[in-house]
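Trainee: I'm passing along entry31.pdb; it holds PDB, C-alpha atoms.
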ATOM      1  CA  MET A   1     -35.160  91.186 -76.681  1.00  0.00           C
ATOM      2  CA  ALA A   2     -36.418  89.054 -79.524  1.00  0.00           C
ATOM      3  CA  GLY A   3     -35.299  91.697 -81.995  1.00  0.00           C
ATOM      4  CA  SER A   4     -31.778  92.160 -80.651  1.00  0.00           C
ATOM      5  CA  VAL A   5     -29.115  90.993 -83.087  1.00  0.00           C
ATOM      6  CA  GLY A   6     -26.922  88.287 -81.568  1.00  0.00           C
ATOM      7  CA  MET A   7     -28.839  88.336 -78.286  1.00  0.00           C
ATOM      8  CA  PRO A   8     -29.757  84.924 -76.823  1.00  0.00           C
ATOM      9  CA  THR A   9     -33.523  84.503 -76.971  1.00  0.00           C
ATOM     10  CA  GLU A  10     -34.284  80.837 -76.379  1.00  0.00           C
ATOM     11  CA  LEU A  11     -35.686  79.174 -73.290  1.00  0.00           C
ATOM     12  CA  ILE A  12     -34.141  75.820 -72.468  1.00  0.00           C
ATOM     13  CA  ILE A  13     -35.964  73.373 -70.219  1.00  0.00           C
ATOM     14  CA  TYR A  14     -33.677  70.849 -68.564  1.00  0.00           C
ATOM     15  CA  SER A  15     -36.230  68.067 -68.089  1.00  0.00           C
ATOM     16  CA  GLY A  16     -34.775  65.398 -65.856  1.00  0.00           C
ATOM     17  CA  THR A  17     -34.402  61.844 -67.152  1.00  0.00           C
ATOM     18  CA  GLY A  18     -32.481  58.812 -65.896  1.00  0.00           C
ATOM     19  CA  PRO A  19     -30.323  59.873 -62.936  1.00  0.00           C
ATOM     20  CA  ASP A  20     -32.020  63.297 -62.976  1.00  0.00           C
ATOM     21  CA  ALA A  21     -35.543  61.924 -62.461  1.00  0.00           C
ATOM     22  CA  ASP A  22     -37.471  60.000 -59.797  1.00  0.00           C
ATOM     23  CA  PRO A  23     -40.574  57.766 -59.626  1.00  0.00           C
ATOM     24  CA  TRP A  24     -42.748  60.417 -57.919  1.00  0.00           C
ATOM     25  CA  HIS A  25     -42.658  63.394 -60.297  1.00  0.00           C
ATOM     26  CA  PRO A  26     -44.087  63.277 -63.864  1.00  0.00           C
ATOM     27  CA  LEU A  27     -41.330  65.470 -65.278  1.00  0.00           C
ATOM     28  CA  PRO A  28     -42.126  64.957 -68.993  1.00  0.00           C
ATOM     29  CA  GLN A  29     -45.688  66.146 -68.414  1.00  0.00           C
ATOM     30  CA  THR A  30     -44.775  69.123 -66.237  1.00  0.00           C
ATOM     31  CA  SER A  31     -41.986  70.140 -68.626  1.00  0.00           C
ATOM     32  CA  ALA A  32     -44.528  70.151 -71.441  1.00  0.00           C
ATOM     33  CA  ARG A  33     -46.834  72.356 -69.393  1.00  0.00           C
ATOM     34  CA  LEU A  34     -43.980  74.725 -68.632  1.00  0.00           C
ATOM     35  CA  ALA A  35     -43.112  74.922 -72.323  1.00  0.00           C
ATOM     36  CA  GLY A  36     -46.704  75.790 -73.117  1.00  0.00           C
ATOM     37  CA  GLU A  37     -46.929  78.499 -70.471  1.00  0.00           C
ATOM     38  CA  LEU A  38     -43.642  80.131 -71.528  1.00  0.00           C
ATOM     39  CA  ARG A  39     -43.853  79.819 -75.311  1.00  0.00           C
ATOM     40  CA  ASP A  40     -44.638  83.523 -75.807  1.00  0.00           C
ATOM     41  CA  PHE A  41     -41.131  84.474 -74.663  1.00  0.00           C
ATOM     42  CA  GLY A  42     -39.404  82.852 -77.637  1.00  0.00           C
ATOM     43  CA  PRO A  43     -38.373  79.409 -78.865  1.00  0.00           C
ATOM     44  CA  VAL A  44     -38.561  76.756 -76.132  1.00  0.00           C
ATOM     45  CA  HIS A  45     -36.423  73.618 -76.312  1.00  0.00           C
ATOM     46  CA  SER A  46     -36.333  70.679 -73.893  1.00  0.00           C
ATOM     47  CA  VAL A  47     -33.120  68.770 -73.228  1.00  0.00           C
ATOM     48  CA  GLY A  48     -32.460  65.769 -71.039  1.00  0.00           C
ATOM     49  CA  SER A  49     -28.693  65.594 -70.545  1.00  0.00           C
ATOM     50  CA  PRO A  50     -25.724  67.921 -70.023  1.00  0.00           C
ATOM     51  CA  ASP A  51     -24.469  67.072 -73.523  1.00  0.00           C
ATOM     52  CA  GLU A  52     -27.763  68.233 -75.040  1.00  0.00           C
ATOM     53  CA  LEU A  53     -27.696  71.301 -72.797  1.00  0.00           C
ATOM     54  CA  ALA A  54     -24.180  72.224 -73.919  1.00  0.00           C
ATOM     55  CA  ALA A  55     -25.293  72.187 -77.532  1.00  0.00           C
ATOM     56  CA  ARG A  56     -28.072  74.732 -76.929  1.00  0.00           C
ATOM     57  CA  LEU A  57     -27.021  76.898 -73.984  1.00  0.00           C
ATOM     58  CA  ASP A  58     -25.227  79.604 -75.983  1.00  0.00           C
ATOM     59  CA  ASP A  59     -28.590  80.620 -77.464  1.00  0.00           C
ATOM     60  CA  ALA A  60     -30.452  80.569 -74.151  1.00  0.00           C
ATOM     61  CA  ALA A  61     -31.616  83.566 -72.155  1.00  0.00           C
ATOM     62  CA  VAL A  62     -33.371  81.464 -69.511  1.00  0.00           C
ATOM     63  CA  LEU A  63     -32.649  77.948 -68.282  1.00  0.00           C
ATOM     64  CA  VAL A  64     -35.609  76.210 -66.635  1.00  0.00           C
ATOM     65  CA  VAL A  65     -34.554  73.268 -64.468  1.00  0.00           C
ATOM     66  CA  ASN A  66     -37.345  70.738 -63.947  1.00  0.00           C
ATOM     67  CA  ALA A  67     -35.363  67.818 -62.587  1.00  0.00           C
ATOM     68  CA  SER A  68     -34.990  65.607 -59.527  1.00  0.00           C
ATOM     69  CA  ALA A  69     -33.002  62.579 -58.341  1.00  0.00           C
ATOM     70  CA  ASN A  70     -33.606  59.187 -56.789  1.00  0.00           C
ATOM     71  CA  ARG A  71     -30.060  58.970 -55.452  1.00  0.00           C
ATOM     72  CA  THR A  72     -27.954  60.416 -52.652  1.00  0.00           C
ATOM     73  CA  GLY A  73     -24.653  60.869 -54.505  1.00  0.00           C
ATOM     74  CA  PRO A  74     -23.434  62.579 -57.680  1.00  0.00           C
ATOM     75  CA  SER A  75     -23.546  61.112 -61.157  1.00  0.00           C
ATOM     76  CA  PRO A  76     -20.657  61.497 -63.630  1.00  0.00           C
ATOM     77  CA  ALA A  77     -22.601  64.125 -65.578  1.00  0.00           C
ATOM     78  CA  ASP A  78     -23.266  66.391 -62.588  1.00  0.00           C
ATOM     79  CA  GLN A  79     -19.927  68.173 -62.767  1.00  0.00           C
ATOM     80  CA  GLN A  80     -20.484  68.900 -66.452  1.00  0.00           C
ATOM     81  CA  PHE A  81     -23.864  70.402 -65.616  1.00  0.00           C
ATOM     82  CA  GLY A  82     -22.244  72.495 -62.895  1.00  0.00           C
ATOM     83  CA  ARG A  83     -19.624  73.927 -65.264  1.00  0.00           C
ATOM     84  CA  LEU A  84     -22.289  74.805 -67.811  1.00  0.00           C
ATOM     85  CA  LEU A  85     -24.398  76.432 -65.106  1.00  0.00           C
ATOM     86  CA  ASP A  86     -21.523  78.547 -63.802  1.00  0.00           C
ATOM     87  CA  GLY A  87     -20.703  79.838 -67.278  1.00  0.00           C
ATOM     88  CA  PHE A  88     -24.346  80.571 -68.031  1.00  0.00           C
ATOM     89  CA  LEU A  89     -24.827  82.601 -64.872  1.00  0.00           C
ATOM     90  CA  ALA A  90     -21.548  84.436 -65.388  1.00  0.00           C
ATOM     91  CA  ARG A  91     -22.803  85.881 -68.681  1.00  0.00           C
ATOM     92  CA  GLY A  92     -25.998  87.096 -67.038  1.00  0.00           C
ATOM     93  CA  GLY A  93     -28.295  84.149 -67.741  1.00  0.00           C
ATOM     94  CA  GLY A  94     -31.465  83.504 -65.761  1.00  0.00           C
ATOM     95  CA  VAL A  95     -32.329  80.226 -64.016  1.00  0.00           C
ATOM     96  CA  LEU A  96     -35.870  79.168 -63.100  1.00  0.00           C
ATOM     97  CA  ALA A  97     -35.706  76.177 -60.750  1.00  0.00           C
ATOM     98  CA  ILE A  98     -38.923  74.216 -60.292  1.00  0.00           C
ATOM     99  CA  HIS A  99     -40.245  72.156 -57.343  1.00  0.00           C
ATOM    100  CA  SER A 100     -38.158  68.973 -57.076  1.00  0.00           C
ATOM    101  CA  SER A 101     -35.036  70.696 -58.410  1.00  0.00           C
ATOM    102  CA  THR A 102     -34.039  71.110 -54.749  1.00  0.00           C
ATOM    103  CA  ILE A 103     -33.564  67.322 -54.803  1.00  0.00           C
ATOM    104  CA  ALA A 104     -31.603  67.326 -58.074  1.00  0.00           C
ATOM    105  CA  PHE A 105     -27.831  66.966 -58.480  1.00  0.00           C
ATOM    106  CA  PRO A 106     -27.125  65.735 -54.919  1.00  0.00           C
ATOM    107  CA  GLY A 107     -23.695  66.792 -53.745  1.00  0.00           C
ATOM    108  CA  LEU A 108     -23.245  69.423 -56.478  1.00  0.00           C
ATOM    109  CA  GLN A 109     -22.474  72.516 -54.428  1.00  0.00           C
ATOM    110  CA  THR A 110     -22.633  74.935 -57.347  1.00  0.00           C
ATOM    111  CA  TRP A 111     -26.265  73.912 -57.915  1.00  0.00           C
ATOM    112  CA  HIS A 112     -27.218  74.069 -54.256  1.00  0.00           C
ATOM    113  CA  GLN A 113     -25.660  77.514 -53.927  1.00  0.00           C
ATOM    114  CA  THR A 114     -27.474  78.702 -57.031  1.00  0.00           C
ATOM    115  CA  VAL A 115     -30.927  77.650 -55.832  1.00  0.00           C
ATOM    116  CA  GLY A 116     -30.104  78.580 -52.246  1.00  0.00           C
ATOM    117  CA  ALA A 117     -31.739  75.560 -50.629  1.00  0.00           C
ATOM    118  CA  ILE A 118     -31.893  71.784 -50.794  1.00  0.00           C
ATOM    119  CA  TRP A 119     -34.242  69.007 -49.787  1.00  0.00           C
ATOM    120  CA  GLU A 120     -32.635  67.599 -46.638  1.00  0.00           C
ATOM    121  CA  HIS A 121     -33.651  64.007 -46.016  1.00  0.00           C
ATOM    122  CA  GLY A 122     -35.012  63.578 -42.512  1.00  0.00           C
ATOM    123  CA  LYS A 123     -35.815  67.305 -42.210  1.00  0.00           C
ATOM    124  CA  THR A 124     -37.637  68.491 -45.327  1.00  0.00           C
ATOM    125  CA  PHE A 125     -41.178  67.243 -45.932  1.00  0.00           C
ATOM    126  CA  HIS A 126     -44.466  68.174 -47.516  1.00  0.00           C
ATOM    127  CA  PRO A 127     -48.070  67.816 -46.349  1.00  0.00           C
ATOM    128  CA  PRO A 128     -50.336  65.691 -48.544  1.00  0.00           C
ATOM    129  CA  LEU A 129     -51.004  67.190 -51.952  1.00  0.00           C
ATOM    130  CA  ASP A 130     -54.181  69.248 -51.765  1.00  0.00           C
ATOM    131  CA  ARG A 131     -55.809  72.484 -52.806  1.00  0.00           C
ATOM    132  CA  THR A 132     -54.280  75.198 -50.698  1.00  0.00           C
ATOM    133  CA  LEU A 133     -54.010  78.957 -50.406  1.00  0.00           C
ATOM    134  CA  VAL A 134     -50.470  80.314 -50.754  1.00  0.00           C
ATOM    135  CA  HIS A 135     -49.713  83.742 -49.405  1.00  0.00           C
ATOM    136  CA  ARG A 136     -48.036  86.751 -50.966  1.00  0.00           C
ATOM    137  CA  THR A 137     -45.515  88.358 -48.622  1.00  0.00           C
ATOM    138  CA  GLU A 138     -44.841  92.086 -48.252  1.00  0.00           C
ATOM    139  CA  VAL A 139     -41.501  91.824 -50.087  1.00  0.00           C
ATOM    140  CA  GLU A 140     -41.447  94.290 -52.979  1.00  0.00           C
ATOM    141  CA  HIS A 141     -40.278  92.776 -56.257  1.00  0.00           C
ATOM    142  CA  PRO A 142     -41.196  93.227 -59.942  1.00  0.00           C
ATOM    143  CA  ILE A 143     -42.236  89.585 -60.213  1.00  0.00           C
ATOM    144  CA  ALA A 144     -44.971  89.872 -57.612  1.00  0.00           C
ATOM    145  CA  ALA A 145     -45.981  93.520 -57.974  1.00  0.00           C
ATOM    146  CA  GLY A 146     -49.783  93.710 -57.935  1.00  0.00           C
ATOM    147  CA  LEU A 147     -50.252  89.991 -57.277  1.00  0.00           C
ATOM    148  CA  GLY A 148     -51.967  88.543 -54.225  1.00  0.00           C
ATOM    149  CA  ASP A 149     -52.673  85.244 -52.540  1.00  0.00           C
ATOM    150  CA  PHE A 150     -53.865  82.408 -54.753  1.00  0.00           C
ATOM    151  CA  TRP A 151     -55.197  78.864 -54.644  1.00  0.00           C
ATOM    152  CA  VAL A 152     -53.266  75.972 -56.141  1.00  0.00           C
ATOM    153  CA  GLU A 153     -53.490  72.180 -56.007  1.00  0.00           C
ATOM    154  CA  ASP A 154     -49.976  71.102 -55.196  1.00  0.00           C
ATOM    155  CA  GLU A 155     -47.426  69.791 -52.758  1.00  0.00           C
ATOM    156  CA  ARG A 156     -46.035  72.396 -50.377  1.00  0.00           C
ATOM    157  CA  TYR A 157     -42.382  71.826 -49.621  1.00  0.00           C
ATOM    158  CA  SER A 158     -41.612  72.557 -45.984  1.00  0.00           C
ATOM    159  CA  GLY A 159     -38.401  72.724 -43.982  1.00  0.00           C
ATOM    160  CA  LEU A 160     -36.034  73.177 -46.909  1.00  0.00           C
ATOM    161  CA  ALA A 161     -32.416  73.530 -45.771  1.00  0.00           C
ATOM    162  CA  PHE A 162     -30.898  76.838 -46.797  1.00  0.00           C
ATOM    163  CA  VAL A 163     -27.309  76.691 -48.027  1.00  0.00           C
ATOM    164  CA  ASP A 164     -24.673  78.438 -45.908  1.00  0.00           C
ATOM    165  CA  ASP A 165     -27.454  79.787 -43.660  1.00  0.00           C
ATOM    166  CA  LEU A 166     -28.649  81.953 -46.547  1.00  0.00           C
ATOM    167  CA  VAL A 167     -31.276  84.501 -45.581  1.00  0.00           C
ATOM    168  CA  ILE A 168     -33.880  84.915 -48.317  1.00  0.00           C
ATOM    169  CA  GLU A 169     -36.859  87.195 -48.726  1.00  0.00           C
ATOM    170  CA  PRO A 170     -39.636  84.969 -50.090  1.00  0.00           C
ATOM    171  CA  LEU A 171     -42.285  86.318 -52.421  1.00  0.00           C
ATOM    172  CA  TYR A 172     -44.721  83.545 -51.504  1.00  0.00           C
ATOM    173  CA  VAL A 173     -45.058  81.357 -48.421  1.00  0.00           C
ATOM    174  CA  HIS A 174     -47.392  78.764 -46.959  1.00  0.00           C
ATOM    175  CA  GLU A 175     -48.293  77.901 -43.400  1.00  0.00           C
ATOM    176  CA  HIS A 176     -48.362  74.426 -41.911  1.00  0.00           C
ATOM    177  CA  GLU A 177     -49.151  73.700 -38.262  1.00  0.00           C
ATOM    178  CA  GLY A 178     -48.405  77.282 -37.306  1.00  0.00           C
ATOM    179  CA  VAL A 179     -45.044  77.485 -39.091  1.00  0.00           C
ATOM    180  CA  THR A 180     -44.437  79.664 -42.162  1.00  0.00           C
ATOM    181  CA  HIS A 181     -42.403  78.094 -44.985  1.00  0.00           C
ATOM    182  CA  PRO A 182     -40.932  79.928 -48.019  1.00  0.00           C
ATOM    183  CA  LEU A 183     -42.255  78.745 -51.388  1.00  0.00           C
ATOM    184  CA  VAL A 184     -41.019  81.193 -54.033  1.00  0.00           C
ATOM    185  CA  TRP A 185     -38.020  83.505 -54.013  1.00  0.00           C
ATOM    186  CA  ALA A 186     -35.863  85.512 -56.423  1.00  0.00           C
ATOM    187  CA  ARG A 187     -32.208  86.429 -56.074  1.00  0.00           C
ATOM    188  CA  GLU A 188     -29.053  87.324 -57.947  1.00  0.00           C
ATOM    189  CA  HIS A 189     -26.177  84.870 -57.912  1.00  0.00           C
ATOM    190  CA  GLY A 190     -22.974  84.265 -59.843  1.00  0.00           C
ATOM    191  CA  GLY A 191     -23.587  87.180 -62.199  1.00  0.00           C
ATOM    192  CA  GLY A 192     -27.098  86.065 -63.176  1.00  0.00           C
ATOM    193  CA  ARG A 193     -30.586  85.862 -61.774  1.00  0.00           C
ATOM    194  CA  VAL A 194     -32.347  82.944 -60.097  1.00  0.00           C
ATOM    195  CA  VAL A 195     -35.960  82.182 -59.205  1.00  0.00           C
ATOM    196  CA  TYR A 196     -36.966  79.090 -57.249  1.00  0.00           C
ATOM    197  CA  SER A 197     -40.583  77.937 -57.030  1.00  0.00           C
ATOM    198  CA  ALA A 198     -41.387  75.014 -54.761  1.00  0.00           C
ATOM    199  CA  LEU A 199     -44.680  74.623 -56.616  1.00  0.00           C
ATOM    200  CA  GLY A 200     -45.195  72.419 -59.675  1.00  0.00           C
ATOM    201  CA  HIS A 201     -45.499  68.802 -58.523  1.00  0.00           C
ATOM    202  CA  ASP A 202     -47.739  67.737 -61.382  1.00  0.00           C
ATOM    203  CA  GLU A 203     -50.009  69.152 -64.080  1.00  0.00           C
ATOM    204  CA  ARG A 204     -52.716  70.172 -61.608  1.00  0.00           C
ATOM    205  CA  SER A 205     -50.450  72.917 -60.291  1.00  0.00           C
ATOM    206  CA  TYR A 206     -50.368  74.621 -63.682  1.00  0.00           C
ATOM    207  CA  GLU A 207     -54.155  74.789 -63.852  1.00  0.00           C
ATOM    208  CA  SER A 208     -53.980  77.701 -61.416  1.00  0.00           C
ATOM    209  CA  PRO A 209     -53.969  80.845 -63.600  1.00  0.00           C
ATOM    210  CA  GLU A 210     -52.219  82.808 -60.863  1.00  0.00           C
ATOM    211  CA  HIS A 211     -49.434  80.238 -60.648  1.00  0.00           C
ATOM    212  CA  ALA A 212     -49.007  80.375 -64.431  1.00  0.00           C
ATOM    213  CA  GLU A 213     -48.857  84.156 -64.294  1.00  0.00           C
ATOM    214  CA  LEU A 214     -46.224  83.986 -61.553  1.00  0.00           C
ATOM    215  CA  LEU A 215     -44.085  81.738 -63.756  1.00  0.00           C
ATOM    216  CA  ARG A 216     -44.436  84.083 -66.729  1.00  0.00           C
ATOM    217  CA  ARG A 217     -43.471  87.083 -64.617  1.00  0.00           C
ATOM    218  CA  SER A 218     -40.484  85.159 -63.236  1.00  0.00           C
ATOM    219  CA  THR A 219     -39.323  84.365 -66.762  1.00  0.00           C
ATOM    220  CA  GLU A 220     -39.647  87.993 -67.823  1.00  0.00           C
ATOM    221  CA  TRP A 221     -37.519  89.132 -64.870  1.00  0.00           C
ATOM    222  CA  LEU A 222     -34.936  86.424 -65.481  1.00  0.00           C
ATOM    223  CA  ARG A 223     -34.428  87.185 -69.149  1.00  0.00           C
ATOM    224  CA  THR A 224     -33.961  90.909 -68.542  1.00  0.00           C
ATOM    225  CA  GLY A 225     -30.779  90.068 -66.665  1.00  0.00           C
ATOM    226  CA  ILE A 226     -28.975  88.988 -69.812  1.00  0.00           C
ATOM    227  CA  VAL A 227     -30.175  92.114 -71.624  1.00  0.00           C
ATOM    228  CA  ARG A 228     -28.732  94.221 -68.813  1.00  0.00           C
ATOM    229  CA  GLU A 229     -25.459  92.300 -68.927  1.00  0.00           C
ATOM    230  CA  GLN A 230     -24.978  92.681 -72.689  1.00  0.00           C
ATOM    231  CA  SER A 231     -26.429  96.161 -73.269  1.00  0.00           C
TER
END
Give the structure from the file, written as structure tokens.

Mentor:
Amino acid sequence: MAGSVGMPTELIIYSGTGPDADPWHPLPQTSARLAGELRDFGPVHSVGSPDELAARLDDAAVLVVNASANRTGPSPADQQFGRLLDGFLARGGGVLAIHSSTIAFPGLQTWHQTVGAIWEHGKTFHPPLDRTLVHRTEVEHPIAAGLGDFWVEDERYSGLAFVDDLVIEPLYVHEHEGVTHPLVWAREHGGGRVVYSALGHDERSYESPEHAELLRRSTEWLRTGIVREQS
């Protein structure tokens, strides 16, 4: 892909700030770790607002969303983000949504439908952050081919609310008090590809080599979608 004339090659990290951040997630630090793990795929740029995103998105093959929210309603910039997202997916772009992105852009249906799930206050929760074993499912997918279970020190989101009763086939799950909860899934939506990983609370999560490999494989799968679309 890097040698294709006119083909978007950049990775853009939307790193939440202001209304797209919260007091509990160190987004600048985790965005920096993501940039480091994904740098071999091409130029990586971090942006912090829809205006900055609009200026770079035409050159992007993959959009990584590492954002959150400490609010229950939309901000004025959310609709702009949603329009940019729709156009990006329509041309075959890939979206990698990380951890607290299920909290981001509250009320923005286009985002919720893209990820496929949201953090529902009063329903969704996570056990205390600890070192835990996450489990590979039997779902066949290029991202997880040949991978197995792995240990990671992280929060484990549980009880996420799936949009429009969406049925997903998770690549990774965790178990809590006898209930299995999806952690990582991949899907096609709006003309593009989407991966959501509920892992990635802070920098400790990225110290797991298997988690880092999962993110790299996800990025590779996501960026091939735009090659397919434009070939």

Trainee: Would you compute the distance between atom CA of A:Leu183 and atom CA of A:Arg39? Give it in Å to one decimal.

Mentor: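 One can read the atom CA of A:Leu183 to atom CA of A:Arg39 distance as 24.0 Å.
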
Trainee: I need the residue nearest A:Gly146 from this list: A:Glu175, A:Glu210, A:Asp58, A:Glu10. Use all atoms listed in the file for the distance.

Mentor: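 Of all the options, A:Glu210 lies closest to A:Gly146.
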
Trainee: Quick one: residues within 10 Å of stretch 68-70 of chain A, all atoms listed in the file counted, chain neighbours fewer than 2 positions away excluded, as a list in words?

Mentor: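 Within the cut-off, the hits are Ser15, Gly16, Thr17, Gly18, Pro19, Asp20, Ala21, Asp22, Pro23, Trp24, His25, Leu27, Val65, Asn66, Thr72, Gly73, Pro74, Ser75, Ile98, His99, Ser100, Ser101, Thr102, Ile103, Ala104, Phe105 and Pro106 of chain A.
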
Trainee: Could those selected residues go to a file with C-alpha atoms, as an mmCIF file, in the frame of the given file?

Mentor:
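Wrote selection.cif, looks like this:
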data_model
loop_
_atom_site.group_PDB
_atom_site.id
_atom_site.type_symbol
_atom_site.label_atom_id
_atom_site.label_comp_id
_atom_site.auth_asym_id
_atom_site.auth_seq_id
_atom_site.Cartn_x
_atom_site.Cartn_y
_atom_site.Cartn_z
ATOM 1 C CA SER A 15 -36.230 68.067 -68.089
ATOM 2 C CA GLY A 16 -34.775 65.398 -65.856
ATOM 3 C CA THR A 17 -34.402 61.844 -67.152
ATOM 4 C CA GLY A 18 -32.481 58.812 -65.896
ATOM 5 C CA PRO A 19 -30.323 59.873 -62.936
ATOM 6 C CA ASP A 20 -32.020 63.297 -62.976
ATOM 7 C CA ALA A 21 -35.543 61.924 -62.461
ATOM 8 C CA ASP A 22 -37.471 60.000 -59.797
ATOM 9 C CA PRO A 23 -40.574 57.766 -59.626
ATOM 10 C CA TRP A 24 -42.748 60.417 -57.919
ATOM 11 C CA HIS A 25 -42.658 63.394 -60.297
ATOM 12 C CA LEU A 27 -41.330 65.470 -65.278
ATOM 13 C CA VAL A 65 -34.554 73.268 -64.468
ATOM 14 C CA ASN A 66 -37.345 70.738 -63.947
ATOM 15 C CA THR A 72 -27.954 60.416 -52.652
ATOM 16 C CA GLY A 73 -24.653 60.869 -54.505
ATOM 17 C CA PRO A 74 -23.434 62.579 -57.680
ATOM 18 C CA SER A 75 -23.546 61.112 -61.157
ATOM 19 C CA ILE A 98 -38.923 74.216 -60.292
ATOM 20 C CA HIS A 99 -40.245 72.156 -57.343
ATOM 21 C CA SER A 100 -38.158 68.973 -57.076
ATOM 22 C CA SER A 101 -35.036 70.696 -58.410
ATOM 23 C CA THR A 102 -34.039 71.110 -54.749
ATOM 24 C CA ILE A 103 -33.564 67.322 -54.803
ATOM 25 C CA ALA A 104 -31.603 67.326 -58.074
ATOM 26 C CA PHE A 105 -27.831 66.966 -58.480
ATOM 27 C CA PRO A 106 -27.125 65.735 -54.919
#

Trainee: Please indicate the distance in Å from atom CA of A:Ala198 to atom CA of A:Glu155, rounded to one decimal place.

Mentor: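 Those two atoms sit 8.2 Å apart.
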
Trainee: In Å, rounded to a single decimal, give me how far atom CA of A:Leu147 is from atom CA of A:Ser218.

Mentor: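 The value is 12.4 Å.
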
Trainee: Nearest to A:Leu222 among A:Val139, A:Ala186, A:Ile13, A:Ala67, with distances taken over only C-alpha atoms: which residue is it?

Mentor: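 Result for the nearest residue to A:Leu222: A:Ala186.
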
Trainee: Would you please work out which residue, of A:Glu140, A:Ala61, A:Thr180, A:Leu214, is nearest to A:Gly93 when using all atoms listed in the file?

Mentor: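 The shortest atom-to-atom distance to A:Gly93 comes from A:Ala61.
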
Trainee: Considering all atoms listed in the file, return as a VMD selection string whatever protein or nucleic-acid residues lie within 12 Å of A:Trp185, sequence-local ones (same chain, fewer than 4 positions apart) excluded.

Mentor: chain A and resid 95 to 98 114 to 117 136 to 137 139 to 144 167 to 173 181 193 to 199 214 to 215 218

Trainee: Next, dump the selected residues to file, keeping only C-alpha atoms, as a PDB file, keeping the file's coordinate frame.

Mentor:
ATOM      1  CA  VAL A  95     -32.329  80.226 -64.016  1.00  0.00           C
ATOM      2  CA  LEU A  96     -35.870  79.168 -63.100  1.00  0.00           C
ATOM      3  CA  ALA A  97     -35.706  76.177 -60.750  1.00  0.00           C
ATOM      4  CA  ILE A  98     -38.923  74.216 -60.292  1.00  0.00           C
ATOM      5  CA  THR A 114     -27.474  78.702 -57.031  1.00  0.00           C
ATOM      6  CA  VAL A 115     -30.927  77.650 -55.832  1.00  0.00           C
ATOM      7  CA  GLY A 116     -30.104  78.580 -52.246  1.00  0.00           C
ATOM      8  CA  ALA A 117     -31.739  75.560 -50.629  1.00  0.00           C
ATOM      9  CA  ARG A 136     -48.036  86.751 -50.966  1.00  0.00           C
ATOM     10  CA  THR A 137     -45.515  88.358 -48.622  1.00  0.00           C
ATOM     11  CA  VAL A 139     -41.501  91.824 -50.087  1.00  0.00           C
ATOM     12  CA  GLU A 140     -41.447  94.290 -52.979  1.00  0.00           C
ATOM     13  CA  HIS A 141     -40.278  92.776 -56.257  1.00  0.00           C
ATOM     14  CA  PRO A 142     -41.196  93.227 -59.942  1.00  0.00           C
ATOM     15  CA  ILE A 143     -42.236  89.585 -60.213  1.00  0.00           C
ATOM     16  CA  ALA A 144     -44.971  89.872 -57.612  1.00  0.00           C
ATOM     17  CA  VAL A 167     -31.276  84.501 -45.581  1.00  0.00           C
ATOM     18  CA  ILE A 168     -33.880  84.915 -48.317  1.00  0.00           C
ATOM     19  CA  GLU A 169     -36.859  87.195 -48.726  1.00  0.00           C
ATOM     20  CA  PRO A 170     -39.636  84.969 -50.090  1.00  0.00           C
ATOM     21  CA  LEU A 171     -42.285  86.318 -52.421  1.00  0.00           C
ATOM     22  CA  TYR A 172     -44.721  83.545 -51.504  1.00  0.00           C
ATOM     23  CA  VAL A 173     -45.058  81.357 -48.421  1.00  0.00           C
ATOM     24  CA  HIS A 181     -42.403  78.094 -44.985  1.00  0.00           C
ATOM     25  CA  ARG A 193     -30.586  85.862 -61.774  1.00  0.00           C
ATOM     26  CA  VAL A 194     -32.347  82.944 -60.097  1.00  0.00           C
ATOM     27  CA  VAL A 195     -35.960  82.182 -59.205  1.00  0.00           C
ATOM     28  CA  TYR A 196     -36.966  79.090 -57.249  1.00  0.00           C
ATOM     29  CA  SER A 197     -40.583  77.937 -57.030  1.00  0.00           C
ATOM     30  CA  ALA A 198     -41.387  75.014 -54.761  1.00  0.00           C
ATOM     31  CA  LEU A 199     -44.680  74.623 -56.616  1.00  0.00           C
ATOM     32  CA  LEU A 214     -46.224  83.986 -61.553  1.00  0.00           C
ATOM     33  CA  LEU A 215     -44.085  81.738 -63.756  1.00  0.00           C
ATOM     34  CA  SER A 218     -40.484  85.159 -63.236  1.00  0.00           C
TER      35      SER A 218
END

Trainee: As a compact mmCIF listing (two decimals) with C-alpha atoms, in the frame of the given file, please: the residues near A:Leu38 (cut-off 12 Å, all atoms listed in the file, same-chain neighbours under 4 positions excluded).

Mentor:
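What follows is the written file result07.txt:
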# COMPACT_ATOMS: atom_id res chain seq x y z
CA GLU A 10 -34.28 80.84 -76.38
CA LEU A 11 -35.69 79.17 -73.29
CA ILE A 12 -34.14 75.82 -72.47
CA ILE A 13 -35.96 73.37 -70.22
CA SER A 31 -41.99 70.14 -68.63
CA ALA A 32 -44.53 70.15 -71.44
CA ARG A 33 -46.83 72.36 -69.39
CA LEU A 34 -43.98 74.72 -68.63
CA GLY A 42 -39.40 82.85 -77.64
CA PRO A 43 -38.37 79.41 -78.86
CA VAL A 44 -38.56 76.76 -76.13
CA HIS A 45 -36.42 73.62 -76.31
CA VAL A 62 -33.37 81.46 -69.51
CA LEU A 63 -32.65 77.95 -68.28
CA VAL A 64 -35.61 76.21 -66.64
CA LEU A 96 -35.87 79.17 -63.10
CA TYR A 206 -50.37 74.62 -63.68
CA ALA A 212 -49.01 80.38 -64.43
CA GLU A 213 -48.86 84.16 -64.29
CA LEU A 214 -46.22 83.99 -61.55
CA LEU A 215 -44.08 81.74 -63.76
CA ARG A 216 -44.44 84.08 -66.73
CA ARG A 217 -43.47 87.08 -64.62
CA SER A 218 -40.48 85.16 -63.24
CA THR A 219 -39.32 84.36 -66.76
CA GLU A 220 -39.65 87.99 -67.82
CA ARG A 223 -34.43 87.18 -69.15

Trainee: With the PyMOL selection byres ((chain A and resi 152) around 6) as the selection, what would be picked from this file? Answer as number ranges by chain, please.

Mentor: A: 131-132, 151, 153-154, 205, 208
